$ cat final.cif   # mmCIF, C-alpha atoms
data_my_file
loop_
_atom_site.group_PDB
_atom_site.id
_atom_site.type_symbol
_atom_site.label_atom_id
_atom_site.label_comp_id
_atom_site.auth_asym_id
_atom_site.auth_seq_id
_atom_site.Cartn_x
_atom_site.Cartn_y
_atom_site.Cartn_z
ATOM 1 C CA LEU A 1 0.000 0.000 0.000
ATOM 2 C CA GLY A 2 2.788 2.416 0.755
ATOM 3 C CA LYS A 3 2.243 5.515 2.837
ATOM 4 C CA SER A 4 -1.195 7.022 2.518
ATOM 5 C CA ASP A 5 -4.067 8.323 4.565
ATOM 6 C CA HIS A 6 -5.734 4.912 4.375
ATOM 7 C CA TYR A 7 -4.950 1.691 6.151
ATOM 8 C CA ILE A 8 -6.661 -1.578 6.901
ATOM 9 C CA GLU A 9 -8.185 -1.760 10.348
ATOM 10 C CA CYS A 10 -7.984 -5.351 11.545
ATOM 11 C CA ARG A 11 -10.239 -6.717 14.250
ATOM 12 C CA THR A 12 -10.600 -10.260 15.473
ATOM 13 C CA ASP A 13 -12.801 -12.045 17.951
ATOM 14 C CA SER A 14 -10.151 -14.766 18.264
ATOM 15 C CA GLN A 15 -8.326 -14.192 21.526
ATOM 16 C CA SER A 16 -5.713 -16.783 20.525
ATOM 17 C CA LEU A 17 -4.961 -14.951 17.256
ATOM 18 C CA PHE A 18 -4.687 -11.622 19.054
ATOM 19 C CA ASN A 19 -2.371 -13.115 21.691
ATOM 20 C CA ALA A 20 -0.240 -14.809 19.050
ATOM 21 C CA VAL A 21 0.319 -11.526 17.197
ATOM 22 C CA TYR A 22 1.359 -9.604 20.299
ATOM 23 C CA PHE A 23 2.473 -12.025 23.013
ATOM 24 C CA ILE A 24 3.081 -15.662 22.030
ATOM 25 C CA LYS A 25 6.399 -16.384 20.346
ATOM 26 C CA SER A 26 5.628 -19.751 18.727
ATOM 27 C CA VAL A 27 2.469 -21.368 17.416
ATOM 28 C CA LYS A 28 2.213 -25.045 16.423
ATOM 29 C CA GLU A 29 -0.366 -24.889 13.610
ATOM 30 C CA ILE A 30 1.272 -24.041 10.254
ATOM 31 C CA GLY A 31 -1.807 -22.282 8.816
ATOM 32 C CA PHE A 32 -2.128 -20.169 11.926
ATOM 33 C CA ARG A 33 1.579 -19.255 11.755
ATOM 34 C CA ILE A 34 1.096 -18.026 8.177
ATOM 35 C CA ASP A 35 -1.860 -15.837 9.194
ATOM 36 C CA ILE A 36 0.121 -14.399 12.095
ATOM 37 C CA ALA A 37 3.127 -13.695 9.877
ATOM 38 C CA ILE A 38 0.902 -11.841 7.394
ATOM 39 C CA LEU A 39 -0.648 -9.719 10.151
ATOM 40 C CA LYS A 40 2.758 -8.902 11.670
ATOM 41 C CA GLU A 41 4.058 -7.936 8.232
ATOM 42 C CA MET A 42 1.063 -5.636 7.717
ATOM 43 C CA ILE A 43 1.905 -3.887 10.984
ATOM 44 C CA CYS A 44 5.592 -3.536 10.001
ATOM 45 C CA LYS A 45 4.639 -2.110 6.591
ATOM 46 C CA HIS A 46 2.186 0.316 8.252
ATOM 47 C CA GLU A 47 -0.697 -1.186 6.276
ATOM 48 C CA THR A 48 -2.473 -1.427 9.611
ATOM 49 C CA GLU A 49 -1.656 0.219 12.908
ATOM 50 C CA LYS A 50 -2.764 -2.650 15.098
ATOM 51 C CA ILE A 51 -4.807 -5.799 15.379
ATOM 52 C CA GLY A 52 -7.737 -5.150 17.676
ATOM 53 C CA TRP A 53 -9.683 -7.692 19.688
ATOM 54 C CA VAL A 54 -13.471 -7.433 19.845
ATOM 55 C CA ASN A 55 -16.073 -9.484 21.623
ATOM 56 C CA GLY A 56 -17.649 -12.084 19.330
ATOM 57 C CA SER A 57 -21.001 -10.289 19.497
ATOM 58 C CA GLN A 58 -19.335 -7.183 18.000
ATOM 59 C CA GLN A 59 -17.678 -8.989 15.078
ATOM 60 C CA THR A 60 -19.081 -7.210 12.027
ATOM 61 C CA ALA A 61 -17.773 -9.772 9.521
ATOM 62 C CA ASP A 62 -19.770 -12.687 10.974
ATOM 63 C CA CYS A 63 -22.608 -12.097 8.527
ATOM 64 C CA LEU A 64 -20.157 -12.786 5.681
ATOM 65 C CA THR A 65 -19.101 -16.176 7.033
ATOM 66 C CA LYS A 66 -21.883 -17.524 9.263
ATOM 67 C CA LYS A 67 -25.528 -18.309 8.597
ATOM 68 C CA GLY A 68 -28.131 -16.446 10.609
ATOM 69 C CA CYS A 69 -25.936 -13.539 11.715
ATOM 70 C CA SER A 70 -27.311 -10.035 11.447
ATOM 71 C CA SER A 71 -25.884 -7.811 8.741
ATOM 72 C CA ALA A 72 -27.098 -4.615 10.445
ATOM 73 C CA ASN A 73 -23.641 -3.658 11.792
ATOM 74 C CA ILE A 74 -21.816 -4.080 8.497
ATOM 75 C CA LEU A 75 -24.556 -2.225 6.585
ATOM 76 C CA LYS A 76 -24.277 0.673 9.046
ATOM 77 C CA ILE A 77 -20.499 0.804 8.485
ATOM 78 C CA ILE A 78 -20.919 0.757 4.712
ATOM 79 C CA ARG A 79 -23.622 3.447 4.760
ATOM 80 C CA ASN A 80 -21.729 5.773 7.111
ATOM 81 C CA ASN A 81 -18.248 4.937 5.808
ATOM 82 C CA GLU A 82 -16.879 4.654 9.365
ATOM 83 C CA LEU A 83 -16.457 2.103 12.137
#
$ encode --input "final.cif" --output "structure tokens"
Amino acid sequence: LGKSDHYIECRTDSQSLFNAVYFIKSVKEIGFRIDIAILKEMICKHETEKIGWVNGSQQTADCLTKKGCSSANILKIIRNNEL
């Protein structure tokens, strides 16, 4: 992305992912290690400032991946262009 006024804001409801990015030095699962490496690289490249943890009930992306989840939060974000 390079330097700009825009960056990706990352949020997760996975406490283990959040902890792995900031606190845990080694993770056993190879797929998980790849995800963590990508997130850490994004932080180093200033593509995102941080990885934030949110309660599962506040996860706006759930409606994109899970049946029966409300899309009200993500629609509000899209309409207002802000989190």
$ atom_distance --input "final.cif" --atom1 "atom CA of Gly52 of chain A" --atom2 "atom CA of Cys10 of chain A"
6.1 Å
$ closest_residue --input "final.cif" --among "A:Asp35, A:Gly56, A:Glu47, A:Glu41" --to "Asp13 of chain A" --atoms "all atoms listed in the file"
A:Gly56
$ atom_distance --input "final.cif" --atom1 "atom CA of Val21 of chain A" --atom2 "atom CA of Arg33 of chain A"
9.5 Å
$ resolve_selection --input "final.cif" --expression "the PyMOL selection byres ((chain A and resi 15) around 10)" --output "VMD selection string"
chain A and resid 12 to 14 16 to 20 52 to 56
$ atom_distance --input "final.cif" --atom1 "atom CA of Lys50 of chain A" --atom2 "atom CA of Glu9 of chain A"
7.3 Å
$ residues_around --input "final.cif" --residues "Cys69 of chain A" --least-positions-apart "4" --cutoff "12 Å" --atoms "all atoms listed in the file" --output "ChimeraX atom specification"
/A:56-65,73-74
$ closest_residue --input "final.cif" --among "A:Met42, A:Ile51, A:Leu75, A:Ala37" --to "Lys25 of chain A" --atoms "only C-alpha atoms"
A:Ala37
$ closest_residue --input "final.cif" --among "A:Ile8, A:Ile30, A:Ile78, A:Gly68" --to "Ile43 of chain A" --atoms "only C-alpha atoms"
A:Ile8
$ build_atoms --input "final.cif" --residues "segment 44-55 of chain A" --atoms "all heavy atoms" --output "compact mmCIF listing (two decimals), keeping the file's coordinate frame"
# COMPACT_ATOMS: atom_id res chain seq x y z
N CYS A 44 4.25 -4.06 10.32
CA CYS A 44 5.59 -3.54 10.00
C CYS A 44 5.57 -2.62 8.79
O CYS A 44 6.31 -1.62 8.75
CB CYS A 44 6.56 -4.69 9.75
SG CYS A 44 7.02 -5.56 11.25
N LYS A 45 4.72 -2.92 7.81
CA LYS A 45 4.64 -2.11 6.59
C LYS A 45 3.69 -0.92 6.76
O LYS A 45 3.44 -0.19 5.81
CB LYS A 45 4.15 -2.96 5.42
CG LYS A 45 5.15 -3.96 4.93
CD LYS A 45 4.58 -4.70 3.74
CE LYS A 45 5.57 -5.62 3.09
NZ LYS A 45 4.98 -6.30 1.92
N HIS A 46 3.13 -0.77 7.95
CA HIS A 46 2.19 0.32 8.25
C HIS A 46 0.92 0.24 7.39
O HIS A 46 0.30 1.25 7.09
CB HIS A 46 2.85 1.69 8.12
CG HIS A 46 4.05 1.82 8.99
ND1 HIS A 46 3.97 2.00 10.35
CD2 HIS A 46 5.37 1.77 8.69
CE1 HIS A 46 5.18 2.06 10.86
NE2 HIS A 46 6.05 1.92 9.87
N GLU A 47 0.57 -0.98 6.98
CA GLU A 47 -0.70 -1.19 6.28
C GLU A 47 -1.85 -1.22 7.28
O GLU A 47 -2.99 -0.98 6.92
CB GLU A 47 -0.65 -2.49 5.47
CG GLU A 47 0.35 -2.44 4.35
CD GLU A 47 0.55 -3.77 3.65
OE1 GLU A 47 0.07 -4.80 4.14
OE2 GLU A 47 1.18 -3.76 2.60
N THR A 48 -1.54 -1.52 8.50
CA THR A 48 -2.47 -1.43 9.61
C THR A 48 -1.68 -0.97 10.82
O THR A 48 -0.48 -1.22 10.91
CB THR A 48 -3.19 -2.77 9.90
OG1 THR A 48 -4.19 -2.57 10.90
CG2 THR A 48 -2.22 -3.84 10.36
N GLU A 49 -2.34 -0.26 11.71
CA GLU A 49 -1.66 0.22 12.91
C GLU A 49 -1.63 -0.83 13.99
O GLU A 49 -0.71 -0.89 14.79
CB GLU A 49 -2.32 1.49 13.45
CG GLU A 49 -2.12 2.68 12.54
CD GLU A 49 -2.79 3.92 13.08
OE1 GLU A 49 -3.33 3.90 14.20
OE2 GLU A 49 -2.77 4.93 12.38
N LYS A 50 -2.67 -1.66 14.04
CA LYS A 50 -2.76 -2.65 15.10
C LYS A 50 -3.79 -3.71 14.72
O LYS A 50 -4.56 -3.55 13.78
CB LYS A 50 -3.18 -2.00 16.41
CG LYS A 50 -4.58 -1.39 16.36
CD LYS A 50 -4.96 -0.76 17.67
CE LYS A 50 -6.38 -0.20 17.57
NZ LYS A 50 -6.84 0.33 18.83
N ILE A 51 -3.78 -4.77 15.47
CA ILE A 51 -4.81 -5.80 15.38
C ILE A 51 -5.63 -5.64 16.65
O ILE A 51 -5.09 -5.75 17.75
CB ILE A 51 -4.19 -7.22 15.32
CG1 ILE A 51 -3.11 -7.32 14.25
CG2 ILE A 51 -5.28 -8.26 15.13
CD1 ILE A 51 -3.55 -7.02 12.85
N GLY A 52 -6.89 -5.36 16.51
CA GLY A 52 -7.74 -5.15 17.68
C GLY A 52 -8.57 -6.37 17.99
O GLY A 52 -8.95 -7.12 17.10
N TRP A 53 -8.81 -6.59 19.27
CA TRP A 53 -9.68 -7.69 19.69
C TRP A 53 -11.05 -7.13 20.00
O TRP A 53 -11.17 -6.07 20.63
CB TRP A 53 -9.12 -8.39 20.93
CG TRP A 53 -10.00 -9.53 21.35
CD1 TRP A 53 -9.98 -10.80 20.85
CD2 TRP A 53 -11.05 -9.51 22.32
NE1 TRP A 53 -10.96 -11.56 21.44
CE2 TRP A 53 -11.63 -10.79 22.36
CE3 TRP A 53 -11.56 -8.52 23.15
CZ2 TRP A 53 -12.69 -11.11 23.20
CZ3 TRP A 53 -12.62 -8.84 23.99
CH2 TRP A 53 -13.17 -10.13 24.02
N VAL A 54 -12.10 -7.81 19.53
CA VAL A 54 -13.47 -7.43 19.84
C VAL A 54 -14.21 -8.65 20.36
O VAL A 54 -13.89 -9.79 20.01
CB VAL A 54 -14.23 -6.85 18.63
CG1 VAL A 54 -13.62 -5.55 18.18
CG2 VAL A 54 -14.30 -7.84 17.49
N ASN A 55 -15.20 -8.41 21.16
CA ASN A 55 -16.07 -9.48 21.62
C ASN A 55 -16.77 -10.10 20.42
O ASN A 55 -17.09 -9.40 19.46
CB ASN A 55 -17.09 -8.89 22.61
CG ASN A 55 -17.95 -9.94 23.24
OD1 ASN A 55 -18.75 -10.58 22.58
ND2 ASN A 55 -17.80 -10.10 24.54
